[in-house]
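query02.cif (mmCIF, C-alpha atoms and all ligand atoms)
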```cif
data_upload
loop_
_atom_site.group_PDB
_atom_site.id
_atom_site.type_symbol
_atom_site.label_atom_id
_atom_site.label_comp_id
_atom_site.auth_asym_id
_atom_site.auth_seq_id
_atom_site.Cartn_x
_atom_site.Cartn_y
_atom_site.Cartn_z
ATOM 1 C CA MET A 1 0.000 0.000 0.000
ATOM 2 C CA SER A 2 1.390 3.403 -0.940
ATOM 3 C CA SER A 3 1.252 5.906 1.931
ATOM 4 C CA GLY A 4 0.468 9.582 1.450
ATOM 5 C CA ILE A 5 -2.175 11.630 -0.292
ATOM 6 C CA THR A 6 -2.296 10.845 -4.009
ATOM 7 C CA VAL A 7 -4.389 13.045 -6.280
ATOM 8 C CA SER A 8 -4.650 11.718 -9.854
ATOM 9 C CA SER A 9 -6.108 13.535 -12.849
ATOM 10 C CA LEU A 10 -8.573 15.397 -10.643
ATOM 11 C CA THR A 11 -11.230 17.416 -12.436
ATOM 12 C CA VAL A 12 -13.875 19.489 -10.635
ATOM 13 C CA ARG A 13 -16.630 21.325 -12.504
ATOM 14 C CA PHE A 14 -19.192 23.717 -11.108
ATOM 15 C CA GLY A 15 -21.835 23.866 -13.840
ATOM 16 C CA GLY A 16 -19.999 25.333 -16.820
ATOM 17 C CA VAL A 17 -16.905 26.341 -14.789
ATOM 18 C CA THR A 18 -13.976 23.927 -14.743
ATOM 19 C CA ALA A 19 -12.279 24.807 -11.447
ATOM 20 C CA LEU A 20 -9.704 21.982 -11.677
ATOM 21 C CA SER A 21 -8.630 20.078 -14.760
ATOM 22 C CA GLU A 22 -6.606 16.839 -14.647
ATOM 23 C CA VAL A 23 -4.592 17.901 -11.586
ATOM 24 C CA SER A 24 -2.228 15.352 -10.038
ATOM 25 C CA LEU A 25 0.017 15.650 -7.006
ATOM 26 C CA LYS A 26 1.372 13.625 -4.111
ATOM 27 C CA VAL A 27 2.088 14.364 -0.459
ATOM 28 C CA SER A 28 4.135 11.764 1.418
ATOM 29 C CA PRO A 29 4.237 11.448 5.208
ATOM 30 C CA GLY A 30 6.676 14.008 6.615
ATOM 31 C CA GLU A 31 6.697 16.044 3.414
ATOM 32 C CA ILE A 32 5.552 19.676 2.982
ATOM 33 C CA VAL A 33 4.192 20.277 -0.522
ATOM 34 C CA GLY A 34 3.348 23.793 -1.677
ATOM 35 C CA VAL A 35 0.487 24.812 -3.961
ATOM 36 C CA ILE A 36 0.585 28.304 -5.388
ATOM 37 C CA GLY A 37 -1.242 30.157 -8.109
ATOM 38 C CA PRO A 38 -3.161 33.347 -8.800
ATOM 39 C CA ASN A 39 -6.660 33.991 -7.464
ATOM 40 C CA GLY A 40 -9.212 31.650 -9.009
ATOM 41 C CA SER A 41 -6.610 29.084 -10.103
ATOM 42 C CA GLY A 42 -8.306 26.272 -8.145
ATOM 43 C CA LYS A 43 -6.296 26.033 -4.906
ATOM 44 C CA SER A 44 -9.305 26.068 -2.553
ATOM 45 C CA THR A 45 -11.218 23.714 -4.825
ATOM 46 C CA LEU A 46 -8.311 21.262 -4.576
ATOM 47 C CA PHE A 47 -8.485 21.446 -0.760
ATOM 48 C CA ASN A 48 -12.274 21.137 -0.806
ATOM 49 C CA ALA A 49 -12.067 18.032 -2.983
ATOM 50 C CA VAL A 50 -9.354 16.342 -0.872
ATOM 51 C CA SER A 51 -11.238 17.115 2.358
ATOM 52 C CA GLY A 52 -14.525 15.757 0.975
ATOM 53 C CA ILE A 53 -16.373 19.080 0.778
ATOM 54 C CA VAL A 54 -16.803 19.036 -3.013
ATOM 55 C CA GLN A 55 -17.182 15.981 -5.212
ATOM 56 C CA PRO A 56 -14.825 15.597 -8.180
ATOM 57 C CA SER A 57 -16.267 15.217 -11.654
ATOM 58 C CA SER A 58 -13.499 12.704 -12.429
ATOM 59 C CA GLY A 59 -10.122 11.543 -11.179
ATOM 60 C CA ALA A 60 -9.017 9.832 -7.988
ATOM 61 C CA ILE A 61 -8.008 10.830 -4.452
ATOM 62 C CA LEU A 62 -6.276 8.188 -2.351
ATOM 63 C CA ILE A 63 -5.185 8.538 1.256
ATOM 64 C CA ASP A 64 -2.730 5.832 2.267
ATOM 65 C CA GLY A 65 -3.945 3.792 -0.665
ATOM 66 C CA ALA A 66 -7.676 4.057 0.167
ATOM 67 C CA ASP A 67 -10.073 5.740 -2.262
ATOM 68 C CA VAL A 68 -11.644 8.653 -0.328
ATOM 69 C CA VAL A 69 -13.869 10.142 -3.036
ATOM 70 C CA GLY A 70 -17.381 10.281 -1.545
ATOM 71 C CA VAL A 71 -16.178 9.864 2.056
ATOM 72 C CA ALA A 72 -17.814 12.455 4.340
ATOM 73 C CA PRO A 73 -15.557 15.275 5.636
ATOM 74 C CA ASP A 74 -16.051 14.370 9.330
ATOM 75 C CA ARG A 75 -15.049 10.758 8.622
ATOM 76 C CA LEU A 76 -11.888 11.986 6.903
ATOM 77 C CA VAL A 77 -11.090 14.069 10.000
ATOM 78 C CA ARG A 78 -11.419 10.951 12.170
ATOM 79 C CA GLN A 79 -9.153 9.120 9.693
ATOM 80 C CA GLY A 80 -6.422 11.709 10.293
ATOM 81 C CA LEU A 81 -7.005 14.443 7.711
ATOM 82 C CA ALA A 82 -7.172 17.975 9.145
ATOM 83 C CA ARG A 83 -7.492 21.267 7.311
ATOM 84 C CA THR A 84 -7.700 24.978 7.897
ATOM 85 C CA PHE A 85 -9.777 27.549 6.044
ATOM 86 C CA GLN A 86 -8.943 30.958 4.569
ATOM 87 C CA THR A 87 -11.899 32.204 6.601
ATOM 88 C CA PRO A 88 -11.952 29.933 9.650
ATOM 89 C CA ARG A 89 -15.297 28.370 10.566
ATOM 90 C CA ILE A 90 -15.056 28.768 14.335
ATOM 91 C CA ASP A 91 -17.615 30.448 16.618
ATOM 92 C CA PRO A 92 -16.282 34.027 17.171
ATOM 93 C CA ALA A 93 -17.564 33.945 20.759
ATOM 94 C CA LEU A 94 -15.155 31.108 21.684
ATOM 95 C CA PRO A 95 -12.004 32.051 23.582
ATOM 96 C CA VAL A 96 -8.775 31.014 21.823
ATOM 97 C CA LYS A 97 -7.966 28.165 24.230
ATOM 98 C CA THR A 98 -11.468 26.652 23.935
ATOM 99 C CA ALA A 99 -11.247 26.744 20.131
ATOM 100 C CA VAL A 100 -7.940 24.862 20.278
ATOM 101 C CA LEU A 101 -9.255 22.384 22.875
ATOM 102 C CA CYS A 102 -12.045 21.508 20.389
ATOM 103 C CA GLY A 103 -9.285 20.207 18.097
ATOM 104 C CA PHE A 104 -7.916 17.954 20.851
ATOM 105 C CA HIS A 105 -11.363 16.523 21.540
ATOM 106 C CA THR A 106 -11.529 14.960 18.060
ATOM 107 C CA MET A 107 -8.710 12.567 19.051
ATOM 108 C CA MET A 108 -9.700 11.701 22.635
ATOM 109 C CA ARG A 109 -10.385 8.017 23.227
ATOM 110 C CA GLN A 110 -12.792 8.274 26.170
ATOM 111 C CA SER A 111 -16.396 7.148 25.914
ATOM 112 C CA ILE A 112 -19.303 9.357 27.013
ATOM 113 C CA LEU A 113 -19.736 7.080 30.064
ATOM 114 C CA GLU A 114 -16.071 7.506 31.049
ATOM 115 C CA ALA A 115 -16.372 11.283 30.712
ATOM 116 C CA MET A 116 -19.510 11.331 32.903
ATOM 117 C CA LEU A 117 -17.978 9.107 35.549
ATOM 118 C CA HIS A 118 -14.624 10.949 35.604
ATOM 119 C CA LEU A 119 -12.790 7.639 35.311
ATOM 120 C CA PRO A 120 -8.976 7.684 35.636
ATOM 121 C CA ARG A 121 -8.251 7.469 31.911
ATOM 122 C CA GLN A 122 -10.596 10.411 31.281
ATOM 123 C CA THR A 123 -8.946 12.538 33.988
ATOM 124 C CA ARG A 124 -5.488 11.599 32.672
ATOM 125 C CA GLU A 125 -6.463 12.495 29.104
ATOM 126 C CA GLU A 126 -7.975 15.849 30.207
ATOM 127 C CA THR A 127 -4.770 16.778 32.047
ATOM 128 C CA GLN A 128 -2.572 15.768 29.091
ATOM 129 C CA MET A 129 -4.847 17.636 26.704
ATOM 130 C CA LYS A 130 -4.672 20.886 28.700
ATOM 131 C CA ALA A 131 -0.858 20.660 28.899
ATOM 132 C CA SER A 132 -0.589 19.947 25.154
ATOM 133 C CA CYS A 133 -2.958 22.826 24.431
ATOM 134 C CA ASP A 134 -0.791 25.230 26.487
ATOM 135 C CA ALA A 135 2.347 24.004 24.656
ATOM 136 C CA LEU A 136 0.711 24.490 21.261
ATOM 137 C CA LEU A 137 -0.491 27.999 22.161
ATOM 138 C CA GLU A 138 3.036 28.846 23.319
ATOM 139 C CA ARG A 139 4.624 27.436 20.144
ATOM 140 C CA LEU A 140 2.345 29.567 17.958
ATOM 141 C CA GLY A 141 2.708 32.703 20.120
ATOM 142 C CA LEU A 142 -0.932 32.674 21.234
ATOM 143 C CA THR A 143 -0.463 32.421 25.010
ATOM 144 C CA ALA A 144 -1.127 36.122 25.632
ATOM 145 C CA VAL A 145 -4.498 35.914 23.855
ATOM 146 C CA ARG A 146 -5.595 32.511 25.190
ATOM 147 C CA GLU A 147 -8.672 33.947 26.966
ATOM 148 C CA VAL A 148 -9.631 36.373 24.159
ATOM 149 C CA PRO A 149 -12.762 35.552 22.086
ATOM 150 C CA LEU A 150 -11.886 34.909 18.434
ATOM 151 C CA GLY A 151 -14.203 37.707 17.297
ATOM 152 C CA GLU A 152 -11.884 40.230 18.946
ATOM 153 C CA LEU A 153 -8.737 39.075 17.122
ATOM 154 C CA PRO A 154 -7.436 40.225 13.724
ATOM 155 C CA MET A 155 -8.065 37.676 10.929
ATOM 156 C CA GLY A 156 -4.372 36.692 10.744
ATOM 157 C CA GLN A 157 -4.438 35.517 14.363
ATOM 158 C CA VAL A 158 -7.798 33.795 13.892
ATOM 159 C CA ARG A 159 -6.153 31.767 11.082
ATOM 160 C CA LEU A 160 -3.308 30.945 13.441
ATOM 161 C CA VAL A 161 -5.837 29.653 16.003
ATOM 162 C CA ASP A 162 -7.384 27.555 13.223
ATOM 163 C CA VAL A 163 -3.904 26.126 12.517
ATOM 164 C CA ALA A 164 -3.521 25.320 16.240
ATOM 165 C CA ARG A 165 -6.973 23.663 16.283
ATOM 166 C CA ALA A 166 -6.062 21.542 13.254
ATOM 167 C CA MET A 167 -2.657 20.600 14.697
ATOM 168 C CA ALA A 168 -4.340 19.671 17.997
ATOM 169 C CA SER A 169 -6.345 16.931 16.295
ATOM 170 C CA LYS A 170 -3.032 15.061 15.795
ATOM 171 C CA PRO A 171 -3.554 14.623 12.056
ATOM 172 C CA ARG A 172 -1.502 12.376 9.801
ATOM 173 C CA TYR A 173 -2.125 14.843 6.984
ATOM 174 C CA LEU A 174 -2.736 18.576 7.265
ATOM 175 C CA LEU A 175 -4.049 20.945 4.584
ATOM 176 C CA LEU A 176 -3.189 24.580 5.335
ATOM 177 C CA ASP A 177 -5.077 27.231 3.321
ATOM 178 C CA GLU A 178 -3.066 30.492 3.312
ATOM 179 C CA PRO A 179 -2.101 30.228 6.987
ATOM 180 C CA ALA A 180 0.404 33.119 6.838
ATOM 181 C CA ALA A 181 -1.991 35.707 5.364
ATOM 182 C CA GLY A 182 -2.159 38.750 7.615
ATOM 183 C CA LEU A 183 0.613 37.593 9.965
ATOM 184 C CA SER A 184 3.534 39.734 11.108
ATOM 185 C CA LEU A 185 7.066 38.521 10.346
ATOM 186 C CA PRO A 186 7.648 37.114 13.876
ATOM 187 C CA GLU A 187 4.264 35.343 13.677
ATOM 188 C CA GLN A 188 5.259 33.877 10.284
ATOM 189 C CA ARG A 189 8.533 32.631 11.791
ATOM 190 C CA ARG A 190 6.703 30.841 14.590
ATOM 191 C CA LEU A 191 4.194 29.362 12.156
ATOM 192 C CA ALA A 192 6.999 28.094 9.886
ATOM 193 C CA ALA A 193 8.787 26.489 12.849
ATOM 194 C CA ALA A 194 5.563 24.783 13.988
ATOM 195 C CA ILE A 195 4.876 23.407 10.480
ATOM 196 C CA ARG A 196 8.437 22.128 10.222
ATOM 197 C CA LEU A 197 8.154 20.418 13.600
ATOM 198 C CA LEU A 198 4.953 18.728 12.517
ATOM 199 C CA ALA A 199 6.529 17.438 9.301
ATOM 200 C CA ALA A 200 9.559 16.202 11.251
ATOM 201 C CA ASP A 201 7.044 14.179 13.267
ATOM 202 C CA GLY A 202 5.866 12.463 10.064
ATOM 203 C CA VAL A 203 2.811 14.565 9.213
ATOM 204 C CA GLY A 204 2.286 15.208 5.486
ATOM 205 C CA VAL A 205 1.444 18.864 4.857
ATOM 206 C CA LEU A 206 -0.185 20.458 1.812
ATOM 207 C CA LEU A 207 0.366 24.210 1.974
ATOM 208 C CA VAL A 208 -1.539 26.754 -0.103
ATOM 209 C CA GLU A 209 0.208 30.077 0.319
ATOM 210 C CA HIS A 210 0.647 33.351 -1.558
ATOM 211 C CA ASN A 211 3.821 34.100 0.387
ATOM 212 C CA PHE A 212 6.371 32.603 -2.019
ATOM 213 C CA GLY A 213 9.245 33.223 0.398
ATOM 214 C CA LEU A 214 7.587 31.004 2.983
ATOM 215 C CA VAL A 215 6.757 28.337 0.394
ATOM 216 C CA GLY A 216 10.382 28.356 -0.796
ATOM 217 C CA GLU A 217 11.607 28.018 2.761
ATOM 218 C CA LEU A 218 9.287 25.166 3.761
ATOM 219 C CA CYS A 219 8.541 23.130 0.647
ATOM 220 C CA ARG A 220 10.841 20.961 -1.383
ATOM 221 C CA HIS A 221 8.127 20.300 -3.962
ATOM 222 C CA VAL A 222 5.790 22.950 -5.348
ATOM 223 C CA THR A 223 2.833 22.720 -7.744
ATOM 224 C CA VAL A 224 1.804 25.901 -9.538
ATOM 225 C CA LEU A 225 -1.821 26.087 -10.670
ATOM 226 C CA GLU A 226 -3.172 28.415 -13.320
ATOM 227 C CA ARG A 227 -6.824 28.402 -14.399
ATOM 228 C CA GLY A 228 -7.342 24.999 -12.809
ATOM 229 C CA LYS A 229 -4.379 23.307 -14.498
ATOM 230 C CA VAL A 230 -0.872 22.429 -13.347
ATOM 231 C CA LEU A 231 1.304 25.093 -14.977
ATOM 232 C CA VAL A 232 4.622 23.839 -13.591
ATOM 233 C CA GLU A 233 5.743 21.598 -10.758
ATOM 234 C CA GLY A 234 8.978 20.457 -9.240
ATOM 235 C CA ASP A 235 11.504 21.478 -6.658
ATOM 236 C CA ILE A 236 11.614 25.107 -5.672
ATOM 237 C CA ALA A 237 14.642 25.905 -7.867
ATOM 238 C CA THR A 238 12.982 24.372 -10.934
ATOM 239 C CA VAL A 239 9.777 26.323 -10.325
ATOM 240 C CA ARG A 240 11.620 29.581 -9.631
ATOM 241 C CA GLY A 241 13.517 29.365 -12.916
ATOM 242 C CA ASP A 242 10.582 28.281 -15.092
ATOM 243 C CA PRO A 243 9.699 30.962 -17.689
ATOM 244 C CA GLU A 244 5.984 30.067 -17.540
ATOM 245 C CA PHE A 245 6.037 30.532 -13.772
ATOM 246 C CA LEU A 246 7.829 33.871 -14.043
ATOM 247 C CA ARG A 247 5.278 35.057 -16.570
ATOM 248 C CA SER A 248 2.206 33.890 -14.667
ATOM 249 C CA TYR A 249 3.054 34.185 -11.008
ATOM 250 C CA LEU A 250 5.520 37.020 -10.732
ATOM 251 C CA GLY A 251 3.697 38.916 -13.497
ATOM 252 C CA SER A 252 0.467 38.752 -11.490
ATOM 253 C CA HIS A 253 2.286 39.997 -8.366
ATOM 254 C CA ALA A 254 4.180 42.792 -10.090
ATOM 255 C CA ALA A 255 1.265 45.248 -10.107
HETATM 256 N N1 LIG A 301 -18.932 26.645 -5.491
HETATM 257 C C1 LIG A 301 -18.551 27.173 -6.654
HETATM 258 N N2 LIG A 301 -19.431 27.389 -7.639
HETATM 259 C C2 LIG A 301 -19.054 27.892 -8.832
HETATM 260 N N3 LIG A 301 -17.782 28.233 -9.152
HETATM 261 C C3 LIG A 301 -16.852 28.042 -8.202
HETATM 262 C C4 LIG A 301 -17.175 27.520 -6.913
HETATM 263 N N4 LIG A 301 -16.029 27.441 -6.179
HETATM 264 C C5 LIG A 301 -15.047 27.898 -6.980
HETATM 265 N N5 LIG A 301 -15.541 28.263 -8.180
HETATM 266 C C6 LIG A 301 -14.764 28.778 -9.317
HETATM 267 O O1 LIG A 301 -13.706 27.870 -9.526
HETATM 268 C C7 LIG A 301 -12.512 28.563 -9.865
HETATM 269 C C8 LIG A 301 -11.415 28.237 -8.864
HETATM 270 O O2 LIG A 301 -11.753 28.819 -7.607
HETATM 271 P P1 LIG A 301 -10.915 28.568 -6.277
HETATM 272 O O3 LIG A 301 -11.638 29.277 -5.173
HETATM 273 O O4 LIG A 301 -10.669 27.125 -6.118
HETATM 274 O O5 LIG A 301 -9.553 29.312 -6.620
HETATM 275 P P2 LIG A 301 -8.398 29.770 -5.626
HETATM 276 O O6 LIG A 301 -7.130 29.531 -6.371
HETATM 277 O O7 LIG A 301 -8.556 29.120 -4.312
HETATM 278 O O8 LIG A 301 -8.675 31.332 -5.505
HETATM 279 P P3 LIG A 301 -8.323 32.318 -4.266
HETATM 280 O O9 LIG A 301 -6.828 32.461 -4.237
HETATM 281 O O10 LIG A 301 -9.019 33.591 -4.673
HETATM 282 O O11 LIG A 301 -8.889 31.694 -3.043
HETATM 283 C C9 LIG A 301 -12.877 30.048 -9.907
HETATM 284 O O12 LIG A 301 -13.202 30.383 -11.237
HETATM 285 C C10 LIG A 301 -14.094 30.122 -9.020
HETATM 286 O O13 LIG A 301 -14.924 31.205 -9.390
#
```
Show this structure as structure tokens.
Amino acid sequence: MSSGITVSSLTVRFGGVTALSEVSLKVSPGEIVGVIGPNGSGKSTLFNAVSGIVQPSSGAILIDGADVVGVAPDRLVRQGLARTFQTPRIDPALPVKTAVLCGFHTMMRQSILEAMLHLPRQTREETQMKASCDALLERLGLTAVREVPLGELPMGQVRLVDVARAMASKPRYLLLDEPAAGLSLPEQRRLAAAIRLLAADGVGVLLVEHNFGLVGELCRHVTVLERGKVLVEGDIATVRGDPEFLRSYLGSHAA
């Protein structure tokens, strides 16, 4: 069985719009793969298809060898696939630490009965979870805002909380949708270190990001999308030197 996320010839159509056309890529455990491209090139659609939110028109998506097309998003989460959103879907009234604790709860092993009876394993898991939550908040520089409701934070920090929530679910694969947008340089540094740590632990990461510097720093392999198609792919040096990439990507950022 081949491990990793394997996307083969993926096509997604919305009525007459072809959002993705014959896109293929692979993310192995412990690898950080970058996806870049101008607005509307299909990056979010790719994430939505892999995480089960939209159904492909054709093509295949395998996770660790298993066909996951048609599998419900919540089942994919329980199977170890976590993702973040450009606009996080978390209740703005929740304090930061509660939002992150929600991520931990998806991987707790206790039964409802154990939780009600406060059995030893449940108490042990709660204590471990709170300590892990504090460590994660610290790693991402969120300790000072741990009690602040999400609705009072700038969007960049809300995305960072969404990253923490996704990391808390102890995924085997993590899809990050523009996690560095709106972050200060020190916040970007902390985010990059946390992503690297996760990959070193064996987690496969698919990173959609407009910040090419960050992509170049974190990803050995990059896929560039344009109008739903793979324009160029390869290691960062290959992509950087590709004339098509320079025309499309840098041209669109030169304005
Ligand atoms: N639900 C939908 N219904 C119809 N068209 C859609 C839908 N979702 C995406 N599209 C279209 O599919 C194409 C790809 O959109 P997508 O959001 O995947 O691009 P993107 O690269 O993520 O863009 P951005 O960087 O702006 O987030 C666009 O033409 C978009 O208008």
Give the padded box for ligand LIG 301 (chain A) as AutoDock Vina command-line options: axis-aligned, covering all atoms listed in the file, 4 Å on each side, centre and edge lengths in Å to one decimal.
```
--center_x -13.1 --center_y 30.1 --center_z -7.1 --size_x 20.6 --size_y 14.9 --size_z 16.2
```
Determine the residue set returned by the PyMOL selection byres (((not hetatm)) within 10 of (chain A and resi 301)) for the present structure, and present it as a ChimeraX atom specification. /A:12-20,35-49,54,86,177-178,208-210,225-228
Atom CA of A:Val96 to atom CA of A:Pro179: how many Å, to one decimal? 16.3 Å
Given the file shown, determine the residues that the PyMOL selection byres (((chain A and resi 130) around 12) and not hetatm) selects; report them as number ranges by chain. A: 97-98, 100-105, 123-129, 131-137, 168
Quick one: write out the picked residues with C-alpha atoms as a PDB file, keeping the file's coordinate frame?
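Contents of the output file selection-v8.pdb:
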```pdb
ATOM      1  CA  LYS A  97      -7.966  28.165  24.230  1.00  0.00           C
ATOM      2  CA  THR A  98     -11.468  26.652  23.935  1.00  0.00           C
ATOM      3  CA  VAL A 100      -7.940  24.862  20.278  1.00  0.00           C
ATOM      4  CA  LEU A 101      -9.255  22.384  22.875  1.00  0.00           C
ATOM      5  CA  CYS A 102     -12.045  21.508  20.389  1.00  0.00           C
ATOM      6  CA  GLY A 103      -9.285  20.207  18.097  1.00  0.00           C
ATOM      7  CA  PHE A 104      -7.916  17.954  20.851  1.00  0.00           C
ATOM      8  CA  HIS A 105     -11.363  16.523  21.540  1.00  0.00           C
ATOM      9  CA  THR A 123      -8.946  12.538  33.988  1.00  0.00           C
ATOM     10  CA  ARG A 124      -5.488  11.599  32.672  1.00  0.00           C
ATOM     11  CA  GLU A 125      -6.463  12.495  29.104  1.00  0.00           C
ATOM     12  CA  GLU A 126      -7.975  15.849  30.207  1.00  0.00           C
ATOM     13  CA  THR A 127      -4.770  16.778  32.047  1.00  0.00           C
ATOM     14  CA  GLN A 128      -2.572  15.768  29.091  1.00  0.00           C
ATOM     15  CA  MET A 129      -4.847  17.636  26.704  1.00  0.00           C
ATOM     16  CA  ALA A 131      -0.858  20.660  28.899  1.00  0.00           C
ATOM     17  CA  SER A 132      -0.589  19.947  25.154  1.00  0.00           C
ATOM     18  CA  CYS A 133      -2.958  22.826  24.431  1.00  0.00           C
ATOM     19  CA  ASP A 134      -0.791  25.230  26.487  1.00  0.00           C
ATOM     20  CA  ALA A 135       2.347  24.004  24.656  1.00  0.00           C
ATOM     21  CA  LEU A 136       0.711  24.490  21.261  1.00  0.00           C
ATOM     22  CA  LEU A 137      -0.491  27.999  22.161  1.00  0.00           C
ATOM     23  CA  ALA A 168      -4.340  19.671  17.997  1.00  0.00           C
TER      24      ALA A 168
END
```
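In this structure, atom CA of A:Ser24 sits 27.0 Å away from atom CA of A:Arg159.
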Please expand the PyMOL selection byres (((chain A and resi 72-83) around 9) and not hetatm) into the concrete residues it hits in this file, giving the result as a short mmCIF file (atom, residue, chain, number, x, y, z; two decimals) with C-alpha atoms, in the coordinates of the input.
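The resulting part37.cif:
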```
data_model
loop_
_atom_site.label_atom_id
_atom_site.label_comp_id
_atom_site.auth_asym_id
_atom_site.auth_seq_id
_atom_site.Cartn_x
_atom_site.Cartn_y
_atom_site.Cartn_z
CA PHE A 47 -8.48 21.45 -0.76
CA SER A 51 -11.24 17.11 2.36
CA GLY A 52 -14.52 15.76 0.98
CA ILE A 53 -16.37 19.08 0.78
CA ILE A 63 -5.18 8.54 1.26
CA VAL A 68 -11.64 8.65 -0.33
CA VAL A 69 -13.87 10.14 -3.04
CA GLY A 70 -17.38 10.28 -1.54
CA VAL A 71 -16.18 9.86 2.06
CA THR A 84 -7.70 24.98 7.90
CA PHE A 85 -9.78 27.55 6.04
CA THR A 106 -11.53 14.96 18.06
CA MET A 107 -8.71 12.57 19.05
CA ASP A 162 -7.38 27.56 13.22
CA VAL A 163 -3.90 26.13 12.52
CA ALA A 166 -6.06 21.54 13.25
CA MET A 167 -2.66 20.60 14.70
CA SER A 169 -6.34 16.93 16.30
CA LYS A 170 -3.03 15.06 15.80
CA PRO A 171 -3.55 14.62 12.06
CA ARG A 172 -1.50 12.38 9.80
CA TYR A 173 -2.12 14.84 6.98
CA LEU A 174 -2.74 18.58 7.26
CA LEU A 175 -4.05 20.94 4.58
CA LEU A 176 -3.19 24.58 5.34
CA ASP A 177 -5.08 27.23 3.32
#
```
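The neighbours of A:Val7 here are the residues that come within 8 Å of it, using only C-alpha atoms and leaving out any residue fewer than 6 positions away in the same chain; they are Val23, Ser24, Leu25, Lys26, Gly59, Ala60, Ile61 and Leu62 of chain A.
The residue that comes closest to A:Gly156, out of A:Phe212, A:Thr87, A:Ala99, A:Arg220 and on the basis of only C-alpha atoms, is A:Thr87.
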So the first atom is atom CA of A:Val230 and the second is atom CA of A:Asp201; what is the distance between them in Å, to one decimal place? 29.0 Å
Excluding A:Leu183 and residues on its chain fewer than 5 positions from it, collect all residues at most 10 Å away from it, counting only C-alpha atoms, and give them as a ChimeraX atom specification. /A:154-157,159-160,188-189,191
Near-A:Thr238 list (12 Å; only C-alpha atoms; drop same-chain fewer than 2 positions) as a list of chain:residue names: A:Gly216, A:Arg220, A:His221, A:Val222, A:Thr223, A:Val224, A:Val232, A:Glu233, A:Gly234, A:Asp235, A:Ile236, A:Arg240, A:Gly241, A:Asp242, A:Pro243, A:Glu244, A:Phe245, A:Leu246
For A:Leu94, work out the shell of residues within 9 Å, counting all atoms listed in the file and skipping chain neighbours fewer than 3 positions away, then give it as a ChimeraX atom specification. /A:90-91,97-99,147-151
Export of the given selection (C-alpha atoms) as an mmCIF file, in the coordinates of the input:
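Contents of the output file part.cif:
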```
data_model
loop_
_atom_site.group_PDB
_atom_site.id
_atom_site.type_symbol
_atom_site.label_atom_id
_atom_site.label_comp_id
_atom_site.auth_asym_id
_atom_site.auth_seq_id
_atom_site.Cartn_x
_atom_site.Cartn_y
_atom_site.Cartn_z
ATOM 1 C CA ILE A 90 -15.056 28.768 14.335
ATOM 2 C CA ASP A 91 -17.615 30.448 16.618
ATOM 3 C CA LYS A 97 -7.966 28.165 24.230
ATOM 4 C CA THR A 98 -11.468 26.652 23.935
ATOM 5 C CA ALA A 99 -11.247 26.744 20.131
ATOM 6 C CA GLU A 147 -8.672 33.947 26.966
ATOM 7 C CA VAL A 148 -9.631 36.373 24.159
ATOM 8 C CA PRO A 149 -12.762 35.552 22.086
ATOM 9 C CA LEU A 150 -11.886 34.909 18.434
ATOM 10 C CA GLY A 151 -14.203 37.707 17.297
#
```
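With all atoms listed in the file as the basis for measurement, A:Asn211 is the residue among A:Ser184, A:Asn211, A:Thr6, A:Ser58 that approaches A:Gly34 most closely.
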Cut-off 12 Å around (7.5, 27.1, 11.9) with all atoms listed in the file: residues as a VMD selection string: chain A and resid 32 136 139 to 141 160 163 to 164 179 to 180 185 to 200 214 to 215 217 to 219
Considering only C-alpha atoms, can you say which of A:Val239, A:Val205, A:Val158, A:Ala181 comes closest to A:Arg89? A:Val158
Which one of A:Leu153, A:Val33, A:Ala93, A:Leu142 sits closest to A:Arg165 if you count only C-alpha atoms? A:Leu142
